[in-house]
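Participant: Can you keep this structure in mind? I'll have questions shortly.
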Amino acid sequence: MKKQFMTLAMLLASVVVLIACSSTGDDTSDQPQPQPLPQVYTITSEATMGNDQTRGTIDESFKFNWASSDVVYVKNKADGKTGTGTMTPLTTGSHTTTLRGTLTGEFAVDDELEMTTLAESGSFRYTGQKGTLEDIGQHFAYATATVNVSSISGASVTTTKATFTPLQAIVKFTLLGEQGENLTATSFTVEGCGTKVTASGFSSHVVYVAMPGISNGWMKLTAIVGSATYSYETGHITYQNGKHYTTTVRMAKNDESYTATGQPLTIQALWAGTTVTFTNNSGGTVQYKINNGSWTPLAGDISLTNAGDKVYFKGANASYYPGDNASKISFDKACYVYGDIMSLAEGKTESLGKAAFMSLFDDNTNLRSHPTKRLSLTATKLPESCYNYMFHGCTGMVKGPEFAIPTSRGERCYADMFNGCSSLNYVEYLGAYNNGNLYFSQWLDGVAANGTFVTSSDNKSDWEAQKVGVDHPVIPSGWTVTGR
């Protein structure tokens, strides 16, 4: 008993001494203070998809079914709160389910929570797809919902009903070649939807991709078929998030070796049964041939029976706009246009007439830009209004033609040239600006809001300066000017 008393007394003394030694005139301890552990909750939400898009187990009906592999990420959006968690479906195989999971952090009634499927908010990716609906359902069908905490009981959180909205469109692409043949691709890429979408690891001419929606935008498709590359570009595409689409595209084989200079002006049909009309008001003769046929004087409309058929034109006329009477080339279905425009003016390189090609393709909404075969404008002495309104209103044109560097330019030679070409997003012009207000008036009015203008490095700063203007800047403000 005495021993125990002495031990207790010694302990008390030790405590007193420790207190005395650590007393320095403030209440701050040198030791780290214990931090409270984050509160852990169980969260429960009733959930459904707000429309007919697909995740989980899916088929051609595109109906949504929850799958056991689904994970929903939760983030507290209330000011100053950083609570997070994950949830999984309690039941699968149907349009609706109950989600349950664990939250960690600080939560209160009425806090707004963001829920996203398959990935945390802001980390959505669309690369590495496999080209199938099953793969999209398991890995790329992102959706989001916003809910509020409706009640908290102990460590249990309940929310308002979660109605999920998909964050992408699902597109079924059927890939055809220039003659309408199926293209059995092993890789497929979509550009122009705000991110790069890739699919590989398949072998099919039918490819499903999930992609962020596009509103009246530009899109470029690239497919690898064997050792060859095929491409297709177009504008005015609208794919809404939460909807699915079926589209057939005619893709052109890339031919980087093609040189337009010296080649006849070429119109290539993308679809069978295309009619080409060349209204020639030049006063001289124009000849044409179809595919490998013989040259024949132009007389009436030209029928291209098969997809991929080509009609070539040549002439020896100084101007196709004599007496304010425009010649016109049109076609009733989409066609590629490439080759050398000067095949219409053979022998007139030094003596083109006023308004030589003015309005030649004016309002031709079926004109398309070939991925690698360009239209070439090889004249170097340009008369007044040479290309004025040449492509005005060609809403399907994505890339401008190749320009020769001129040695002389007449007034308004490029004026309104691409005015209204709402899909146009690429122009390469290596010549100088050099008091260009006389030549380039409104030539890029009404083109795509964002694009690329390529010029020589020596001329870059002069062209860059043309991105400003009260009403009609020569280069659109949203375009990037690059030098080479």
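In the structure tokens, the first chain shown is A, the next is B, and so on; residue numbers restart at 1 for each chain, and ligands run from 1 in the order shown.
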Leaving out segment 353-361 of chain A and any residue of its chain fewer than 6 positions from it, which residues lie within 9 Å of it when counting only C-alpha atoms, given as a PyMOL selection string?
Facilitator: chain A and resi 317-322+324+326-330+341+345+367+382-394+410+413+417
Participant: Next, dump the selected residues to file, keeping only N, CA, C and O atoms, as a short mmCIF file (atom, residue, chain, number, x, y, z; two decimals), in the first residue's frame.
Facilitator:
data_model
loop_
_atom_site.label_atom_id
_atom_site.label_comp_id
_atom_site.auth_asym_id
_atom_site.auth_seq_id
_atom_site.Cartn_x
_atom_site.Cartn_y
_atom_site.Cartn_z
N ASN A 317 -10.52 30.17 -123.70
CA ASN A 317 -11.28 31.41 -123.64
C ASN A 317 -10.71 32.34 -122.58
O ASN A 317 -10.39 31.92 -121.47
N ALA A 318 -10.61 33.64 -122.92
CA ALA A 318 -9.97 34.60 -122.03
C ALA A 318 -10.85 34.99 -120.85
O ALA A 318 -10.34 35.32 -119.77
N SER A 319 -12.16 34.93 -121.01
CA SER A 319 -13.06 35.30 -119.91
C SER A 319 -14.37 34.53 -120.02
O SER A 319 -14.90 34.36 -121.13
N TYR A 320 -14.86 34.08 -118.86
CA TYR A 320 -16.15 33.39 -118.79
C TYR A 320 -17.22 34.31 -118.21
O TYR A 320 -18.25 33.85 -117.73
N TYR A 321 -16.97 35.62 -118.26
CA TYR A 321 -17.92 36.63 -117.79
C TYR A 321 -17.91 37.82 -118.76
O TYR A 321 -17.70 38.96 -118.37
N PRO A 322 -18.12 37.55 -120.04
CA PRO A 322 -18.10 38.68 -120.99
C PRO A 322 -19.42 39.44 -120.94
O PRO A 322 -20.50 38.85 -120.80
N ASP A 324 -20.87 41.14 -118.68
CA ASP A 324 -21.64 40.95 -117.44
C ASP A 324 -22.58 39.75 -117.54
O ASP A 324 -23.67 39.74 -116.94
N ALA A 326 -22.46 35.93 -116.70
CA ALA A 326 -21.62 34.93 -116.03
C ALA A 326 -21.85 33.53 -116.56
O ALA A 326 -22.99 33.08 -116.73
N SER A 327 -20.76 32.83 -116.82
CA SER A 327 -20.82 31.38 -117.03
C SER A 327 -20.95 30.72 -115.65
O SER A 327 -20.48 31.25 -114.65
N LYS A 328 -21.57 29.54 -115.62
CA LYS A 328 -21.79 28.86 -114.33
C LYS A 328 -21.55 27.37 -114.49
O LYS A 328 -21.95 26.76 -115.49
N ILE A 329 -20.91 26.78 -113.47
CA ILE A 329 -20.78 25.33 -113.37
C ILE A 329 -21.55 24.89 -112.13
O ILE A 329 -21.30 25.37 -111.03
N SER A 330 -22.47 23.95 -112.30
CA SER A 330 -23.27 23.46 -111.17
C SER A 330 -23.49 21.96 -111.31
O SER A 330 -23.26 21.37 -112.39
N ILE A 341 -7.67 25.40 -112.97
CA ILE A 341 -8.72 26.20 -113.59
C ILE A 341 -8.28 26.75 -114.94
O ILE A 341 -9.11 27.03 -115.83
N ALA A 345 -8.63 28.11 -119.99
CA ALA A 345 -8.07 29.29 -120.67
C ALA A 345 -6.70 28.95 -121.24
O ALA A 345 -5.73 29.69 -121.05
N LEU A 367 -20.64 21.84 -104.06
CA LEU A 367 -19.19 21.76 -104.24
C LEU A 367 -18.53 21.29 -102.96
O LEU A 367 -18.80 21.80 -101.88
N LEU A 382 -3.38 38.84 -113.03
CA LEU A 382 -4.81 38.79 -112.74
C LEU A 382 -5.49 40.07 -113.21
O LEU A 382 -5.16 41.16 -112.73
N PRO A 383 -6.46 39.95 -114.09
CA PRO A 383 -7.18 41.14 -114.52
C PRO A 383 -8.17 41.60 -113.45
O PRO A 383 -8.39 40.92 -112.44
N GLU A 384 -8.76 42.74 -113.66
CA GLU A 384 -9.77 43.27 -112.75
C GLU A 384 -10.89 42.24 -112.56
O GLU A 384 -11.36 41.61 -113.51
N SER A 385 -11.27 42.03 -111.28
CA SER A 385 -12.38 41.14 -110.90
C SER A 385 -12.16 39.69 -111.35
O SER A 385 -13.13 38.94 -111.55
N CYS A 386 -10.92 39.26 -111.48
CA CYS A 386 -10.60 37.94 -112.02
C CYS A 386 -11.37 36.81 -111.32
O CYS A 386 -12.01 35.98 -111.96
N TYR A 387 -11.32 36.79 -109.98
CA TYR A 387 -11.98 35.73 -109.21
C TYR A 387 -13.15 36.27 -108.38
O TYR A 387 -13.61 35.62 -107.45
N ASN A 388 -13.63 37.44 -108.73
CA ASN A 388 -14.70 38.08 -107.98
C ASN A 388 -15.92 37.14 -107.88
O ASN A 388 -16.42 36.64 -108.88
N TYR A 389 -16.38 36.87 -106.65
CA TYR A 389 -17.56 36.02 -106.41
C TYR A 389 -17.40 34.60 -106.95
O TYR A 389 -18.39 33.87 -107.09
N MET A 390 -16.22 34.15 -107.21
CA MET A 390 -16.02 32.86 -107.86
C MET A 390 -16.66 31.71 -107.08
O MET A 390 -17.27 30.80 -107.68
N PHE A 391 -16.51 31.71 -105.75
CA PHE A 391 -17.07 30.64 -104.91
C PHE A 391 -18.12 31.18 -103.94
O PHE A 391 -18.44 30.53 -102.94
N HIS A 392 -18.65 32.32 -104.22
CA HIS A 392 -19.64 32.93 -103.32
C HIS A 392 -20.76 31.94 -102.99
O HIS A 392 -21.35 31.31 -103.88
N GLY A 393 -21.03 31.75 -101.70
CA GLY A 393 -22.13 30.88 -101.28
C GLY A 393 -21.87 29.40 -101.41
O GLY A 393 -22.82 28.61 -101.29
N CYS A 394 -20.64 28.97 -101.65
CA CYS A 394 -20.33 27.53 -101.72
C CYS A 394 -20.20 26.99 -100.29
O CYS A 394 -19.10 26.85 -99.74
N GLY A 410 -5.29 43.10 -110.71
CA GLY A 410 -6.25 44.14 -111.03
C GLY A 410 -7.17 44.37 -109.84
O GLY A 410 -7.33 43.53 -108.96
N CYS A 413 -9.73 41.82 -107.71
CA CYS A 413 -9.50 40.50 -108.32
C CYS A 413 -9.93 39.35 -107.41
O CYS A 413 -10.30 38.28 -107.90
N MET A 417 -14.64 36.69 -103.02
CA MET A 417 -14.34 35.39 -103.62
C MET A 417 -14.96 34.23 -102.84
O MET A 417 -15.51 33.29 -103.42
#
Participant: I'd like to know which residues of segment 379-433 of chain A are strand (DSSP E or B) (by DSSP, run on the backbone); could you write them as a ChimeraX atom specification?
Facilitator: /A:381-382,399,402-403,408-409,426-428
Participant: Measuring atom to atom with only C-alpha atoms, identify which of A:Gln442, A:Asn182, A:Thr48, A:Thr198 is nearest to Ala415 of chain A.
Facilitator: A:Gln442
Participant: Can you work out which one of A:Gly137, A:Gly400, A:Pro371, A:Gly420 has the shortest atom-to-atom distance to Leu221 of chain A, counting only C-alpha atoms?
Facilitator: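 Using only C-alpha atoms, the shortest distance to Leu221 of chain A belongs to A:Pro371.
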Participant: Would you kindly return, as a PyMOL selection string, each protein, DNA or RNA residue with an atom no farther than 7 Å from any atom of Thr158 of chain A, considering only C-alpha atoms and excluding same-chain residues fewer than 4 positions away?
Facilitator: chain A and resi 43-45+149-152
Participant: Enter the distance from atom CA of Ser408 of chain A to atom CA of Tyr338 of chain A, in Å, rounded to one decimal.
Facilitator: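 Computing the Euclidean distance for atom CA of Ser408 of chain A and atom CA of Tyr338 of chain A yields 24.3 Å.
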Participant: If you run DSSP on the backbone here, which positions in segment 301-392 of chain A get helix (DSSP H, G or I)? Please write them as a count of residues only.
Facilitator: 7
Participant: Tell me which of A:Arg368, A:Lys196, A:Lys172, A:Lys373 sits closest to Asp255 of chain A, counting only C-alpha atoms.
Facilitator: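 Under the stated criterion, the closest residue is A:Lys373.
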Participant: Between A:Ile136, A:Leu175, A:Ala269, A:Pro166, single out the one closest to Ala210 of chain A, counting only C-alpha atoms.
Facilitator: A:Ile136
Participant: I'd like to know which of A:Phe107, A:Tyr433, A:Phe313, A:Phe453 is closest to Gly154 of chain A, using only C-alpha atoms.
Facilitator: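 Result for the nearest residue to Gly154 of chain A: A:Phe107.
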Participant: Rank nothing, just name the residue among A:Tyr414, A:Tyr258, A:Phe440, A:Tyr288 nearest to Ser376 of chain A, using only C-alpha atoms.
Facilitator: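 Going through A:Tyr414, A:Tyr258, A:Phe440, A:Tyr288 one by one, the smallest distance to Ser376 of chain A is for A:Tyr258.
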Participant: Name all residues at most 6 Å from segment 117-121 of chain A (count only C-alpha atoms; drop same-chain ones fewer than 3 positions away) and give them as a ChimeraX atom specification.
Facilitator: /A:71-73,142-143
Participant: Export C-alpha atoms of the chosen residues as a short mmCIF file (atom, residue, chain, number, x, y, z; two decimals), in the first residue's frame?
Facilitator:
data_model
loop_
_atom_site.label_atom_id
_atom_site.label_comp_id
_atom_site.auth_asym_id
_atom_site.auth_seq_id
_atom_site.Cartn_x
_atom_site.Cartn_y
_atom_site.Cartn_z
CA VAL A 71 -19.77 3.83 -61.56
CA VAL A 72 -21.25 7.24 -60.70
CA TYR A 73 -18.95 9.92 -59.30
CA TYR A 142 -20.86 9.80 -70.09
CA ALA A 143 -23.88 11.43 -68.48
#
Participant: Go ahead and compute the interatomic distance for atom CA of Trp66 of chain A and atom CA of Ser200 of chain A, in Å to one decimal.
Facilitator: 25.4 Å
Participant: Hey, what's within 8 Å of Thr480 of chain A if we count only C-alpha atoms and toss same-chain stuff fewer than 3 positions away? As a list in words, please?
Facilitator: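 Selected residues are Asn450, Gly451, Thr452 and Phe453 of chain A.
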Participant: I need the chosen residues saved as a PDB file, in the first residue's frame, with N, CA, C and O atoms.
Facilitator:
ATOM      1  N   ASN A 450     -13.823  30.118 -87.035  1.00  0.00           N
ATOM      2  CA  ASN A 450     -12.446  29.758 -86.687  1.00  0.00           C
ATOM      3  C   ASN A 450     -11.802  29.042 -87.868  1.00  0.00           C
ATOM      4  O   ASN A 450     -12.429  28.187 -88.499  1.00  0.00           O
ATOM      5  N   GLY A 451     -10.567  29.394 -88.153  1.00  0.00           N
ATOM      6  CA  GLY A 451      -9.885  28.768 -89.272  1.00  0.00           C
ATOM      7  C   GLY A 451      -8.408  29.093 -89.271  1.00  0.00           C
ATOM      8  O   GLY A 451      -7.872  29.681 -88.326  1.00  0.00           O
ATOM      9  N   THR A 452      -7.741  28.686 -90.354  1.00  0.00           N
ATOM     10  CA  THR A 452      -6.294  28.889 -90.479  1.00  0.00           C
ATOM     11  C   THR A 452      -5.987  29.565 -91.808  1.00  0.00           C
ATOM     12  O   THR A 452      -6.457  29.126 -92.867  1.00  0.00           O
ATOM     13  N   PHE A 453      -5.194  30.627 -91.734  1.00  0.00           N
ATOM     14  CA  PHE A 453      -4.713  31.322 -92.925  1.00  0.00           C
ATOM     15  C   PHE A 453      -3.203  31.140 -92.973  1.00  0.00           C
ATOM     16  O   PHE A 453      -2.492  31.560 -92.056  1.00  0.00           O
TER      17      PHE A 453
END
Participant: Which residues come within 8 Å of Thr82 of chain A, counting only C-alpha atoms, excluding same-chain residues fewer than 6 positions away, as a PyMOL selection string?
Facilitator: chain A and resi 75-76+105-106
Participant: May I have the residues from that selection written out with all heavy atoms, as a PDB file, in the first residue's frame?
Facilitator:
ATOM      1  N   LYS A  75     -19.826  14.855 -56.586  1.00  0.00           N
ATOM      2  CA  LYS A  75     -19.056  15.988 -56.102  1.00  0.00           C
ATOM      3  C   LYS A  75     -20.022  17.010 -55.498  1.00  0.00           C
ATOM      4  O   LYS A  75     -21.038  17.351 -56.098  1.00  0.00           O
ATOM      5  CB  LYS A  75     -18.274  16.641 -57.249  1.00  0.00           C
ATOM      6  CG  LYS A  75     -17.453  17.862 -56.841  1.00  0.00           C
ATOM      7  CD  LYS A  75     -16.806  18.526 -58.058  1.00  0.00           C
ATOM      8  CE  LYS A  75     -15.766  17.619 -58.673  1.00  0.00           C
ATOM      9  NZ  LYS A  75     -15.053  18.302 -59.803  1.00  0.00           N
ATOM     10  N   ASN A  76     -19.680  17.499 -54.296  1.00  0.00           N
ATOM     11  CA  ASN A  76     -20.493  18.529 -53.654  1.00  0.00           C
ATOM     12  C   ASN A  76     -20.170  19.879 -54.286  1.00  0.00           C
ATOM     13  O   ASN A  76     -19.030  20.340 -54.257  1.00  0.00           O
ATOM     14  CB  ASN A  76     -20.216  18.569 -52.153  1.00  0.00           C
ATOM     15  CG  ASN A  76     -21.265  19.363 -51.389  1.00  0.00           C
ATOM     16  OD1 ASN A  76     -21.987  20.164 -51.980  1.00  0.00           O
ATOM     17  ND2 ASN A  76     -21.361  19.133 -50.087  1.00  0.00           N
ATOM     18  N   GLY A 105     -16.665  13.738 -46.519  1.00  0.00           N
ATOM     19  CA  GLY A 105     -16.552  15.178 -46.492  1.00  0.00           C
ATOM     20  C   GLY A 105     -17.694  15.815 -45.734  1.00  0.00           C
ATOM     21  O   GLY A 105     -18.341  15.183 -44.894  1.00  0.00           O
ATOM     22  N   GLU A 106     -17.953  17.052 -46.068  1.00  0.00           N
ATOM     23  CA  GLU A 106     -18.966  17.828 -45.355  1.00  0.00           C
ATOM     24  C   GLU A 106     -20.197  17.998 -46.239  1.00  0.00           C
ATOM     25  O   GLU A 106     -20.101  18.455 -47.386  1.00  0.00           O
ATOM     26  CB  GLU A 106     -18.407  19.207 -44.986  1.00  0.00           C
ATOM     27  CG  GLU A 106     -19.366  20.059 -44.174  1.00  0.00           C
ATOM     28  CD  GLU A 106     -18.799  21.430 -43.870  1.00  0.00           C
ATOM     29  OE1 GLU A 106     -17.654  21.703 -44.307  1.00  0.00           O
ATOM     30  OE2 GLU A 106     -19.495  22.216 -43.214  1.00  0.00           O
TER      31      GLU A 106
END
Participant: Determine, using only C-alpha atoms, which residues of segment 404-427 of chain A have any atom at most 12 Å from an atom of segment 455-475 of chain A, and tabulate each with its shortest atom pair and distance in Å to one decimal place, rows ordered by chain and then rising number, as a Markdown table.
Facilitator:
| residue | atom | partner | partner_atom | distance |
| --- | --- | --- | --- | --- |
| A:Ala404 | CA | A:Thr455 | CA | 11.9 |
| A:Ile405 | CA | A:Ser456 | CA | 10.6 |
| A:Tyr414 | CA | A:Val474 | CA | 10.9 |
| A:Ala415 | CA | A:Val474 | CA | 10.0 |
| A:Asp416 | CA | A:Val474 | CA | 10.4 |
| A:Met417 | CA | A:Val474 | CA | 11.6 |
| A:Phe418 | CA | A:Val474 | CA | 11.3 |
| A:Asn419 | CA | A:His472 | CA | 10.9 |
| A:Asn425 | CA | A:Ile475 | CA | 11.3 |
| A:Tyr426 | CA | A:Thr455 | CA | 11.3 |
| A:Val427 | CA | A:Thr455 | CA | 8.8 |
Participant: Just want the 7 Å neighbourhood of segment 231-240 of chain A, counted on only C-alpha atoms, with same-chain residues fewer than 6 positions away dropped. Output as a ChimeraX atom specification.
Facilitator: /A:169,213-223,251-254,371,396,398,423
Participant: Next, the residues of the selection above should be written as a PDB file, in the first residue's frame with C-alpha atoms.
Facilitator:
ATOM      1  CA  ALA A 169     -23.973  12.021 -79.346  1.00  0.00           C
ATOM      2  CA  GLY A 213     -22.065  17.299 -79.875  1.00  0.00           C
ATOM      3  CA  ILE A 214     -21.470  19.669 -82.809  1.00  0.00           C
ATOM      4  CA  SER A 215     -23.677  22.644 -83.645  1.00  0.00           C
ATOM      5  CA  ASN A 216     -23.495  23.667 -87.305  1.00  0.00           C
ATOM      6  CA  GLY A 217     -19.783  22.884 -87.264  1.00  0.00           C
ATOM      7  CA  TRP A 218     -16.946  21.400 -89.291  1.00  0.00           C
ATOM      8  CA  MET A 219     -15.974  17.730 -89.178  1.00  0.00           C
ATOM      9  CA  LYS A 220     -13.072  15.761 -90.625  1.00  0.00           C
ATOM     10  CA  LEU A 221     -13.107  11.954 -90.801  1.00  0.00           C
ATOM     11  CA  THR A 222     -10.054   9.768 -91.395  1.00  0.00           C
ATOM     12  CA  ALA A 223     -10.076   5.981 -91.888  1.00  0.00           C
ATOM     13  CA  MET A 251     -14.449   8.909 -98.334  1.00  0.00           C
ATOM     14  CA  ALA A 252     -11.663   9.776-100.768  1.00  0.00           C
ATOM     15  CA  LYS A 253      -8.330   7.991-100.871  1.00  0.00           C
ATOM     16  CA  ASN A 254      -5.546  10.372 -99.945  1.00  0.00           C
ATOM     17  CA  PRO A 371      -9.054  15.863 -98.927  1.00  0.00           C
ATOM     18  CA  GLY A 396     -19.795  22.899 -98.582  1.00  0.00           C
ATOM     19  CA  VAL A 398     -13.870  23.470 -96.542  1.00  0.00           C
ATOM     20  CA  SER A 423     -17.708  25.896 -93.927  1.00  0.00           C
TER      21      SER A 423
END
